[in-house]
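*Asks:* The file below is protein29.cif, mmCIF, C-alpha atoms:
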```cif
data_upload
#
loop_
_atom_site.label_atom_id
_atom_site.label_comp_id
_atom_site.auth_asym_id
_atom_site.auth_seq_id
_atom_site.Cartn_x
_atom_site.Cartn_y
_atom_site.Cartn_z
CA MET E 1 110.60 112.98 82.27
CA SER E 2 112.07 115.76 80.22
CA ALA E 3 113.22 119.06 81.65
CA ALA E 4 110.72 121.52 83.05
CA THR E 5 108.78 123.48 80.47
CA VAL E 6 107.26 126.94 80.57
CA HIS E 7 104.03 127.82 78.85
CA THR E 8 102.88 131.41 78.98
CA ARG E 9 99.16 132.01 79.15
CA ASP E 10 97.62 135.45 79.55
CA PRO E 11 95.95 135.84 82.97
CA ALA E 12 93.58 138.35 81.36
CA GLY E 13 92.03 135.50 79.40
CA ALA E 14 91.32 133.35 82.46
CA ARG E 15 87.70 132.64 83.44
CA LEU E 16 88.57 132.04 87.09
CA SER E 17 91.42 133.03 89.37
CA VAL E 18 91.36 132.24 93.09
CA GLU E 19 93.77 131.81 95.95
CA LEU E 20 93.46 128.64 98.01
CA ALA E 21 94.59 129.16 101.59
CA ALA E 22 96.82 126.68 103.38
CA GLY E 23 94.75 123.71 104.56
CA ASP E 24 91.71 124.52 102.40
CA GLY E 25 90.00 122.40 99.76
CA TRP E 26 88.57 123.18 96.31
CA THR E 27 86.26 121.26 94.00
CA HIS E 28 85.65 122.38 90.45
CA GLU E 29 84.49 120.95 87.16
CA LEU E 30 86.70 121.54 84.13
CA ALA E 31 85.20 121.25 80.65
CA ALA E 32 87.22 119.36 78.05
CA GLY E 33 89.85 121.71 76.63
CA GLU E 34 90.05 123.94 79.71
CA VAL E 35 93.38 124.46 81.44
CA LEU E 36 93.96 124.62 85.20
CA ARG E 37 97.15 126.22 86.47
CA ILE E 38 98.22 125.55 90.08
CA VAL E 39 100.80 128.06 91.30
CA ASP E 40 103.03 127.31 94.30
CA LEU E 41 103.01 130.95 95.47
CA ARG E 42 105.58 130.73 98.25
CA GLY E 43 107.38 127.52 97.26
CA ASN E 44 107.61 124.05 98.82
CA GLN E 45 103.85 123.60 99.21
CA ALA E 46 102.13 120.27 98.41
CA VAL E 47 98.77 120.19 96.63
CA ASP E 48 96.95 116.86 96.85
CA ALA E 49 94.67 116.23 93.88
CA LEU E 50 91.96 113.76 92.84
CA PHE E 51 90.26 113.68 89.43
CA PHE E 52 86.97 112.15 88.28
CA ASP E 53 85.37 111.75 84.87
CA ALA E 54 82.55 114.31 85.23
CA HIS E 55 80.07 111.92 83.59
CA ASP E 56 81.13 108.75 85.42
CA TYR E 57 82.66 109.32 88.84
CA ALA E 58 83.60 105.63 89.13
CA ASN E 59 86.00 106.26 86.26
CA ARG E 60 88.56 108.24 88.20
CA TYR E 61 92.26 109.03 88.21
CA SER E 62 94.37 105.90 88.59
CA ALA E 63 97.90 106.51 89.85
CA VAL E 64 99.12 102.98 89.09
CA ASP E 65 97.73 102.86 85.55
CA THR E 66 99.26 106.29 84.91
CA ILE E 67 102.68 105.20 86.18
CA ARG E 68 102.71 101.91 84.29
CA GLU E 69 101.58 103.30 80.96
CA GLN E 70 104.10 106.17 80.99
CA GLY E 71 106.87 103.81 82.17
CA ALA E 72 107.97 106.20 84.91
CA VAL E 73 107.01 106.79 88.54
CA TYR E 74 107.16 110.60 88.58
CA LEU E 75 104.75 112.95 86.86
CA GLY E 76 106.12 115.81 84.78
CA PRO E 77 105.77 117.67 81.49
CA GLY E 78 103.80 115.54 79.02
CA SER E 79 102.44 113.12 81.62
CA CYS E 80 98.90 111.97 80.85
CA LEU E 81 96.84 111.39 83.98
CA LEU E 82 94.86 108.26 83.13
CA ALA E 83 91.49 107.15 84.45
CA LEU E 84 90.68 103.55 85.38
CA ASP E 85 89.60 102.99 81.76
CA GLY E 86 93.19 103.63 80.64
CA GLN E 87 92.32 106.85 78.79
CA PRO E 88 93.55 110.37 79.70
CA LEU E 89 91.60 112.62 82.04
CA LEU E 90 94.16 115.40 81.91
CA GLU E 91 97.60 116.13 80.52
CA ILE E 92 100.42 118.15 82.05
CA VAL E 93 100.99 120.75 79.34
CA ALA E 94 103.29 123.09 81.25
CA ASP E 95 105.41 122.50 84.31
CA THR E 96 108.08 124.74 85.78
CA VAL E 97 108.92 122.19 88.50
CA GLY E 98 109.49 119.04 86.45
CA ARG E 99 108.60 116.34 88.96
CA HIS E 100 105.50 115.54 90.98
CA ASP E 101 104.61 112.56 93.16
CA THR E 102 101.68 110.16 92.85
CA LEU E 103 102.76 107.33 95.20
CA GLY E 104 102.93 109.13 98.56
CA GLY E 105 99.17 109.41 98.94
CA ALA E 106 97.34 111.96 101.04
CA CYS E 107 97.85 112.51 104.75
CA SER E 108 95.03 111.50 107.08
CA GLN E 109 94.41 111.60 110.81
CA GLU E 110 94.83 107.81 110.88
CA SER E 111 98.06 107.72 108.88
CA ASN E 112 99.45 110.62 110.90
CA VAL E 113 98.93 108.60 114.09
CA VAL E 114 100.76 105.61 112.59
CA ARG E 115 103.58 107.72 111.21
CA TYR E 116 104.08 110.31 113.95
CA GLY E 117 102.18 109.20 117.05
CA GLU E 118 98.92 109.71 118.92
CA HIS E 119 99.56 113.43 119.52
CA THR E 120 98.91 114.11 115.80
CA ARG E 121 95.44 112.49 115.72
CA HIS E 122 93.47 115.71 115.63
CA MET E 123 95.74 117.67 113.35
CA HIS E 124 94.16 118.83 110.09
CA ALA E 125 94.76 116.36 107.25
CA CYS E 126 94.16 116.07 103.48
CA ARG E 127 91.82 113.09 103.57
CA ASP E 128 89.51 114.99 105.93
CA THR E 129 89.55 117.86 103.44
CA PHE E 130 88.82 115.45 100.58
CA LEU E 131 85.87 113.97 102.50
CA ALA E 132 84.47 117.40 103.35
CA GLN E 133 84.89 118.48 99.72
CA VAL E 134 83.17 115.47 98.12
CA LEU E 135 80.35 115.51 100.69
CA ALA E 136 79.74 119.19 99.92
CA TRP E 137 79.91 118.48 96.18
CA GLY E 138 77.30 115.77 96.70
CA ARG E 139 76.21 113.66 93.74
CA GLY E 140 76.95 110.48 95.67
CA LEU E 141 80.69 110.88 96.14
CA GLU E 142 81.94 109.39 99.43
CA LYS E 143 84.92 107.72 101.08
CA ARG E 144 85.11 104.77 98.69
CA ASP E 145 85.61 107.24 95.82
CA LEU E 146 88.76 108.66 97.40
CA THR E 147 91.74 106.82 96.05
CA HIS E 148 95.44 107.43 95.38
CA ASN E 149 96.05 111.07 94.49
CA VAL E 150 98.63 113.27 92.82
CA ASN E 151 100.86 115.35 95.09
CA PHE E 152 101.79 118.36 93.01
CA PHE E 153 105.13 119.98 93.91
CA MET E 154 106.04 117.04 96.18
CA ASN E 155 109.26 115.06 95.85
CA VAL E 156 109.13 111.39 96.91
CA PRO E 157 112.16 109.64 95.38
CA LEU E 158 112.22 105.86 95.02
CA THR E 159 115.53 104.02 95.27
CA ALA E 160 116.69 101.14 93.08
CA ASP E 161 116.87 98.81 96.08
CA GLY E 162 113.17 99.24 96.84
CA GLY E 163 113.26 102.19 99.24
CA LEU E 164 111.19 105.38 99.33
CA GLU E 165 112.13 108.75 100.79
CA PHE E 166 110.46 112.06 101.48
CA ALA E 167 112.83 114.71 100.19
CA ASP E 168 112.89 118.46 100.18
CA GLY E 169 110.67 119.81 97.43
CA LEU E 170 111.97 120.76 93.99
CA SER E 171 109.48 123.58 93.72
CA GLY E 172 110.00 127.25 94.52
CA PRO E 173 108.03 130.49 94.79
CA GLY E 174 105.93 131.10 91.68
CA ARG E 175 106.52 127.71 90.10
CA TYR E 176 103.46 126.14 88.55
CA VAL E 177 101.93 123.23 86.72
CA GLU E 178 99.24 123.42 84.02
CA LEU E 179 96.71 120.68 83.39
CA LEU E 180 94.74 120.41 80.16
CA ALA E 181 91.41 118.62 80.64
CA ARG E 182 91.17 115.95 77.95
CA ARG E 183 87.54 115.34 78.92
CA ASP E 184 85.04 116.92 81.32
CA THR E 185 86.74 116.37 84.67
CA VAL E 186 85.92 117.08 88.31
CA VAL E 187 89.00 118.26 90.22
CA VAL E 188 89.21 117.94 94.02
CA LEU E 189 92.18 119.62 95.71
CA SER E 190 93.51 119.74 99.25
CA ASN E 191 96.15 122.34 99.93
CA CYS E 192 98.10 120.13 102.31
CA PRO E 193 98.04 121.11 106.01
CA GLN E 194 100.75 118.61 107.05
CA LEU E 195 103.01 119.94 109.83
CA ASN E 196 104.99 116.76 110.50
CA ASN E 197 107.12 116.22 107.41
CA PRO E 198 109.05 118.25 104.84
CA CYS E 199 106.46 117.86 102.06
CA ASN E 200 105.61 121.55 102.53
CA ALA E 201 108.68 122.62 104.49
CA TYR E 202 106.65 122.37 107.76
CA ASP E 203 104.93 125.61 106.77
CA PRO E 204 101.73 125.23 104.71
CA THR E 205 101.24 128.20 102.39
CA PRO E 206 98.58 129.34 99.86
CA VAL E 207 98.47 128.42 96.19
CA ALA E 208 96.83 130.19 93.25
CA LEU E 209 94.38 128.44 90.93
CA VAL E 210 93.72 129.82 87.45
CA VAL E 211 91.35 128.35 84.87
CA TRP E 212 91.41 129.21 81.17
CA PRO E 213 88.53 128.36 78.85
CA ALA E 214 89.07 125.96 75.96
CA ALA E 215 91.10 127.50 73.16
CA MET M 1 102.60 76.53 110.25
CA SER M 2 100.05 73.84 110.97
CA GLU M 3 98.47 71.50 108.41
CA PRO M 4 96.63 73.59 105.78
CA PHE M 5 92.84 73.63 106.06
CA LEU M 6 92.67 74.78 102.45
CA ASP M 7 94.98 73.57 99.68
CA GLU M 8 93.99 74.30 96.10
CA ILE M 9 95.35 75.38 92.75
CA LEU M 10 94.42 78.76 91.31
CA PRO M 11 94.52 77.95 87.59
CA PRO M 12 96.25 80.25 85.09
CA GLY M 13 94.23 83.38 84.33
CA ALA M 14 91.64 82.74 87.04
CA SER M 15 90.24 84.74 89.95
CA TRP M 16 89.51 83.84 93.58
CA SER M 17 88.15 85.42 96.75
CA ARG M 18 87.80 84.38 100.34
CA ILE M 19 87.44 85.83 103.83
CA CYS M 20 90.79 85.03 105.47
CA ARG M 21 90.55 85.18 109.26
CA ARG M 22 92.93 86.68 111.80
CA GLY M 23 95.09 83.86 113.09
CA THR M 24 95.48 82.28 109.66
CA ALA M 25 97.99 82.71 106.86
CA LEU M 26 97.80 82.27 103.11
CA THR M 27 100.81 80.86 101.28
CA LEU M 28 100.99 81.41 97.53
CA THR M 29 103.41 79.17 95.61
CA ASP M 30 104.48 79.89 92.04
CA LEU M 31 104.40 76.30 90.74
CA GLU M 32 106.13 76.83 87.39
CA GLY M 33 107.91 80.18 87.81
CA GLY M 34 106.94 83.45 86.16
CA ALA M 35 103.54 83.77 87.86
CA ASN M 36 101.77 87.02 88.66
CA VAL M 37 98.96 87.21 91.21
CA SER M 38 97.17 90.54 91.50
CA ALA M 39 95.70 90.94 94.98
CA LEU M 40 93.38 93.33 96.84
CA LEU M 41 92.56 93.23 100.57
CA TYR M 42 89.60 94.71 102.46
CA ARG M 43 88.69 94.55 106.13
CA ALA M 44 85.89 91.98 106.28
CA ASP M 45 83.99 93.78 109.07
CA ASP M 46 84.05 97.11 107.22
CA PRO M 47 85.20 96.93 103.58
CA LEU M 48 85.46 100.74 103.46
CA GLU M 49 88.78 100.04 105.19
CA ARG M 50 91.16 98.55 102.62
CA TYR M 51 94.75 97.87 101.73
CA CYS M 52 96.43 101.21 101.11
CA MET M 53 99.52 101.24 98.90
CA PRO M 54 100.63 104.79 99.80
CA ASP M 55 100.26 104.30 103.55
CA THR M 56 102.05 100.93 103.35
CA LEU M 57 104.95 102.45 101.43
CA LYS M 58 105.35 105.67 103.39
CA CYS M 59 104.94 104.04 106.82
CA GLN M 60 107.84 101.69 106.05
CA HIS M 61 109.84 103.80 103.57
CA VAL M 62 109.71 101.07 100.96
CA SER M 63 108.57 100.84 97.35
CA ARG M 64 108.36 97.04 97.16
CA LEU M 65 106.90 94.30 99.35
CA THR M 66 108.72 91.33 100.90
CA ALA M 67 109.06 89.45 104.22
CA GLY M 68 108.93 91.79 107.21
CA ILE M 69 106.57 94.25 105.52
CA ALA M 70 103.13 95.00 106.96
CA LEU M 71 100.20 95.68 104.61
CA HIS M 72 98.67 98.80 106.15
CA SER M 73 95.04 99.80 105.70
CA ASP M 74 93.89 103.33 104.95
CA MET M 75 92.58 103.62 108.52
CA GLY M 76 95.81 103.28 110.46
CA ARG M 77 95.72 99.55 111.06
CA VAL M 78 97.65 96.53 109.76
CA LEU M 79 95.47 94.21 107.68
CA ALA M 80 98.15 91.60 107.05
CA SER M 81 101.88 90.90 107.24
CA ILE M 82 104.28 89.20 104.86
CA THR M 83 105.98 86.69 107.14
CA ASP M 84 107.91 84.56 104.61
CA ASP M 85 109.09 85.20 101.09
CA THR M 86 111.58 83.38 98.86
CA CYS M 87 111.17 85.89 96.05
CA GLY M 88 112.41 89.14 97.62
CA TRP M 89 110.25 91.65 95.74
CA HIS M 90 106.54 91.95 95.05
CA ASP M 91 105.20 94.92 93.11
CA THR M 92 102.44 97.24 94.32
CA ILE M 93 102.87 100.36 92.15
CA THR M 94 102.01 99.26 88.60
CA GLY M 95 98.41 97.99 88.72
CA HIS M 96 96.94 95.31 86.53
CA ALA M 97 95.65 94.73 83.01
CA THR M 98 92.19 95.48 81.70
CA SER M 99 90.78 93.16 79.04
CA ALA M 100 91.38 95.93 76.47
CA LEU M 101 95.04 95.96 77.43
CA VAL M 102 95.28 92.16 77.22
CA ALA M 103 93.66 92.23 73.78
CA ARG M 104 96.08 94.91 72.59
CA ARG M 105 99.09 93.13 74.07
CA TRP M 106 98.34 89.45 73.34
CA GLY M 107 95.26 89.39 71.12
CA VAL M 108 91.70 88.33 71.76
CA ALA M 109 90.80 84.77 72.80
CA THR M 110 87.09 84.32 73.44
CA PHE M 111 85.36 81.72 75.59
CA ALA M 112 83.34 80.58 72.56
CA GLU M 113 86.54 79.57 70.79
CA HIS M 114 88.96 78.75 73.61
CA ARG M 115 86.64 77.63 76.42
CA ASN M 116 88.29 78.12 79.82
CA ASP M 117 91.63 79.10 78.28
CA TRP M 118 90.05 82.38 77.17
CA ARG M 119 91.84 85.63 77.95
CA ARG M 120 90.54 88.26 80.33
CA GLY M 121 92.22 91.17 82.03
CA ALA M 122 92.81 90.98 85.76
CA ARG M 123 90.40 93.93 86.05
CA ASP M 124 87.48 91.72 84.99
CA GLY M 125 88.44 88.94 87.39
CA LEU M 126 88.93 91.32 90.31
CA LEU M 127 85.63 93.12 89.63
CA VAL M 128 83.67 89.85 89.43
CA GLU M 129 85.12 88.69 92.75
CA LEU M 130 84.49 92.12 94.34
CA ALA M 131 80.89 92.02 93.10
CA LYS M 132 80.38 88.71 94.95
CA HIS M 133 80.95 90.74 98.12
CA GLY M 134 78.91 93.80 97.18
CA LEU M 135 81.90 95.85 96.04
CA GLY M 136 82.67 97.34 92.65
CA SER M 137 84.92 99.53 90.54
CA ARG M 138 84.63 102.40 93.05
CA ASP M 139 86.45 100.11 95.48
CA LEU M 140 89.42 99.46 93.18
CA VAL M 141 92.68 100.67 94.66
CA ALA M 142 96.33 99.93 93.92
CA ASN M 143 96.79 96.17 94.10
CA VAL M 144 99.70 93.95 95.05
CA ASN M 145 101.28 91.92 92.24
CA PHE M 146 102.76 88.89 93.98
CA PHE M 147 105.83 87.39 92.22
CA THR M 148 106.31 90.46 89.98
CA LYS M 149 109.24 92.88 90.11
CA VAL M 150 109.15 96.16 88.23
CA ALA M 151 112.49 97.85 88.85
CA VAL M 152 112.79 101.65 89.17
CA ASP M 153 116.02 103.43 88.22
CA ASP M 154 117.39 106.69 89.63
CA ASP M 155 115.39 108.70 87.10
CA GLY M 156 112.18 106.90 88.02
CA MET M 157 112.00 104.82 84.84
CA LEU M 158 110.28 101.43 85.13
CA ALA M 159 111.65 98.10 83.87
CA PHE M 160 109.82 94.78 84.21
CA VAL M 161 112.22 92.08 85.45
CA PRO M 162 111.62 88.81 83.54
CA ASP M 163 112.04 85.45 85.30
CA HIS M 164 111.99 87.18 88.68
CA SER M 165 110.04 84.37 90.35
CA GLY M 166 111.19 80.78 89.88
CA PRO M 167 109.44 77.41 90.26
CA ASP M 168 108.37 76.87 93.89
CA ASP M 169 108.99 80.45 94.97
CA SER M 170 106.48 81.25 97.67
CA VAL M 171 105.17 84.08 99.82
CA THR M 172 103.16 83.85 103.05
CA VAL M 173 100.67 86.49 104.17
CA ARG M 174 99.47 86.40 107.80
CA PHE M 175 96.16 88.14 108.49
CA GLU M 176 96.00 90.51 111.46
CA LEU M 177 92.30 91.28 110.91
CA ASP M 178 89.62 89.26 109.15
CA ALA M 179 90.16 90.25 105.52
CA LEU M 180 88.40 89.81 102.21
CA VAL M 181 91.17 88.68 99.86
CA VAL M 182 90.66 88.94 96.10
CA LEU M 183 93.18 87.35 93.73
CA CYS M 184 93.62 87.07 89.97
CA SER M 185 96.34 85.06 88.18
CA VAL M 186 96.48 87.05 84.94
CA PRO M 187 99.96 88.06 83.61
CA HIS M 188 101.27 91.51 84.46
CA PRO M 189 100.64 93.97 81.60
CA LEU M 190 104.36 94.81 81.37
CA ASP M 191 105.35 91.13 80.98
CA PRO M 192 107.29 91.10 77.69
CA ALA M 193 106.44 87.45 76.93
CA ALA M 194 105.49 87.14 73.26
CA GLU M 195 102.94 84.44 74.06
CA TRP M 196 100.06 84.77 76.53
CA SER M 197 101.36 82.63 79.38
CA PRO M 198 99.42 82.82 82.65
CA ARG M 199 100.72 80.47 85.35
CA PRO M 200 99.06 78.34 88.04
CA VAL M 201 99.59 79.15 91.71
CA ARG M 202 99.07 76.89 94.72
CA LEU M 203 97.08 78.45 97.57
CA ARG M 204 97.30 77.09 101.09
CA CYS M 205 95.57 78.49 104.18
CA ALA M 206 96.62 77.38 107.64
CA ALA M 207 96.21 78.45 111.25
CA VAL M 208 99.12 80.47 112.64
CA ALA M 209 99.84 82.12 115.98
CA PRO M 210 98.95 85.83 116.13
CA PRO M 211 101.98 88.14 116.31
CA GLY M 212 103.63 88.32 119.73
CA PRO M 213 105.42 91.33 121.23
CA ASP M 214 108.68 90.41 119.50
CA ASP M 215 107.16 89.69 116.11
CA PRO M 216 109.65 90.87 113.45
CA VAL M 217 107.01 92.64 111.36
CA ARG M 218 105.66 94.47 114.43
CA THR M 219 109.13 95.53 115.57
CA ALA M 220 110.42 96.44 112.10
CA CYS M 221 109.72 100.16 112.71
CA PRO M 222 107.78 102.41 115.14
CA GLU M 223 105.11 102.88 112.46
CA ASN M 224 104.39 99.14 112.45
CA GLU M 225 104.35 99.07 116.28
CA ARG M 226 101.65 101.75 116.26
CA GLY M 227 99.76 100.06 113.41
CA PHE M 228 99.69 96.71 115.24
CA ALA M 229 98.61 98.42 118.48
CA ALA M 230 95.70 100.09 116.65
CA THR M 231 94.78 96.74 115.07
CA GLU M 232 94.73 94.96 118.41
CA ALA M 233 92.71 97.81 119.96
CA ALA M 234 90.07 97.24 117.27
CA LEU M 235 89.71 93.58 118.35
CA ARG M 236 88.61 94.48 121.85
#
```
Have the structure of the file written as structure tokens, please.
*Replies:*
Amino acid sequence: MSAATVHTRDPAGARLSVELAAGDGWTHELAAGEVLRIVDLRGNQAVDALFFDAHDYANRYSAVDTIREQGAVYLGPGSCLLALDGQPLLEIVADTVGRHDTLGGACSQESNVVRYGEHTRHMHACRDTFLAQVLAWGRGLEKRDLTHNVNFFMNVPLTADGGLEFADGLSGPGRYVELLARRDTVVVLSNCPQLNNPCNAYDPTPVALVVWPAA
Amino acid sequence: MSEPFLDEILPPGASWSRICRRGTALTLTDLEGGANVSALLYRADDPLERYCMPDTLKCQHVSRLTAGIALHSDMGRVLASITDDTCGWHDTITGHATSALVARRWGVATFAEHRNDWRRGARDGLLVELAKHGLGSRDLVANVNFFTKVAVDDDGMLAFVPDHSGPDDSVTVRFELDALVVLCSVPHPLDPAAEWSPRPVRLRCAAVAPPGPDDPVRTACPENERGFAATEAALR
């Protein structure tokens, strides 16, 4: 991916601006042409994200198709987030971080137990947030619709010998990513509550969400 | 391994599904070299629990599959283990081809003209097999690509490694829970071969002993120890 890019949009022109507290979820439908900015307010936060074609939820974000078709494992400026049909759902049109993960998945109670031990079973986790969000959204979304997500602001380097690491984040206070909806898209976010690894510096913090109408 | 109770050839470009029981193993053999077998696994008792690429990778700090690696489910259990592998690297991060991708990459070959040598994407084969078990596109997750290596450099750029798997390379998957296994032998979409060249794969299923306390996959890391313990707790 190329170096981080900056794209200045006027907050006065936004149609929505909210703060998402640490550990909370958010579900929102973007119309084609709208832009969502996710701001890492305090730095080193991780925002787990799922995307669905608003008119066909079965046609959802596909991490592996996205990776293969862009020929690179990290997401960054210019990355197109592809659906299962191989066509873009969204495009990263501005990015002041430069690298985001889509292989590390979302934390869950079950994966926390495997990774860190039984004492973490009842800690808050992203997949519980995703489930609560899609159940509240309704329209038939359920567990089978939750697949491999994007982890904005998260740094999960792969090594040439087939390893994978969780590294300190590349993000910092005020850094952001902007997503242009290439079609009507439902966005489901979990502002990661993980306390057991450095994905959010062991200190989950709020993020800002800003939506601009289509130009 | 005991005498196989199933021994068949998955023809080039074909799909396959079967419930593989705990206490059995499936050995896939690349008969000619250069095969790709896209695979998905679901827990037979509850297909909402399925092979989970991210949990498998982050529990073992790996980005490729080989002997000694457990295939973790999304519910904190181990569905299967890779117990033998002559190939050294199997991909699980680059997905599979749709028929549209195959047509763009290698051209269209219809059944009407080519009979059973027609070309379909792995997506079609996987979906047809999933549908035989009541599952569908909503159940598609990142698959394994047995016999395929897609290298990743320090900048994260991908490179398909040609001729990675040779004739008679094989990989053995031992099932720790009863699992629905879905396979498709369509070439990987990054395969640079100018000609459409799917390859046949031999499939053998045989009874094997369940993993003991010193099993090398179980003891590979504390995460696998906990995953196996949760799996065995679910059997009681």
*Asks:* Pick out the closest residue to chain M from this set: E:Glu29, E:Asp53, E:Glu178, E:Glu69. Count only C-alpha atoms.
*Replies:*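 That would be E:Glu69, the residue with the smallest distance to chain M.
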*Asks:* Given only C-alpha atoms as the basis, pick out the residue of E:Thr66, E:Thr102, E:Gln87, E:Ser111 nearest to chain M.
*Replies:* E:Ser111
*Asks:* For chain M, which residues have at least one atom within 8 Å of chain E, if we go by only C-alpha atoms? Write them as a PyMOL selection string, please.
*Replies:* chain M and resi 48+53-55+57-59+61-64+74-76+93-96+98+137-139+141-142+151-154+156-159+190+222-224+226-227
*Asks:* Near region 209-214 of chain E, within 6 Å and counting all atoms listed in the file, which residues show up once chain neighbours fewer than 5 positions away are dropped, as a list in words?
*Replies:*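 Counting only the stated atoms, we get Ala14, Arg15, Leu16, Ser17, Val18, Gly33, Glu34, Val35, Leu36, Arg37 and Ile38 of chain E.
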*Asks:* Name all residues at most 6 Å from region 181-192 of chain E (count all atoms listed in the file; drop same-chain ones fewer than 3 positions away) and give them as a PyMOL selection string.
*Replies:* chain E and resi 22-34+46-54+89-90+126
*Asks:* Go ahead and write the residues just picked, C-alpha atoms, as a PDB file, keeping the file's coordinate frame.
*Replies:*
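File produced: result-v4.pdb:
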```
ATOM      1  CA  ALA E  22      96.820 126.680 103.380  1.00  0.00           C
ATOM      2  CA  GLY E  23      94.750 123.710 104.560  1.00  0.00           C
ATOM      3  CA  ASP E  24      91.710 124.520 102.400  1.00  0.00           C
ATOM      4  CA  GLY E  25      90.000 122.400  99.760  1.00  0.00           C
ATOM      5  CA  TRP E  26      88.570 123.180  96.310  1.00  0.00           C
ATOM      6  CA  THR E  27      86.260 121.260  94.000  1.00  0.00           C
ATOM      7  CA  HIS E  28      85.650 122.380  90.450  1.00  0.00           C
ATOM      8  CA  GLU E  29      84.490 120.950  87.160  1.00  0.00           C
ATOM      9  CA  LEU E  30      86.700 121.540  84.130  1.00  0.00           C
ATOM     10  CA  ALA E  31      85.200 121.250  80.650  1.00  0.00           C
ATOM     11  CA  ALA E  32      87.220 119.360  78.050  1.00  0.00           C
ATOM     12  CA  GLY E  33      89.850 121.710  76.630  1.00  0.00           C
ATOM     13  CA  GLU E  34      90.050 123.940  79.710  1.00  0.00           C
ATOM     14  CA  ALA E  46     102.130 120.270  98.410  1.00  0.00           C
ATOM     15  CA  VAL E  47      98.770 120.190  96.630  1.00  0.00           C
ATOM     16  CA  ASP E  48      96.950 116.860  96.850  1.00  0.00           C
ATOM     17  CA  ALA E  49      94.670 116.230  93.880  1.00  0.00           C
ATOM     18  CA  LEU E  50      91.960 113.760  92.840  1.00  0.00           C
ATOM     19  CA  PHE E  51      90.260 113.680  89.430  1.00  0.00           C
ATOM     20  CA  PHE E  52      86.970 112.150  88.280  1.00  0.00           C
ATOM     21  CA  ASP E  53      85.370 111.750  84.870  1.00  0.00           C
ATOM     22  CA  ALA E  54      82.550 114.310  85.230  1.00  0.00           C
ATOM     23  CA  LEU E  89      91.600 112.620  82.040  1.00  0.00           C
ATOM     24  CA  LEU E  90      94.160 115.400  81.910  1.00  0.00           C
ATOM     25  CA  CYS E 126      94.160 116.070 103.480  1.00  0.00           C
TER      26      CYS E 126
END
```
*Asks:* Kindly resolve the PyMOL selection byres ((chain M and resi 188) around 9) on the present coordinates and return the residues as a VMD selection string.
*Replies:* chain M and resid 35 to 38 94 to 97 122 145 148 185 to 187 189 to 191
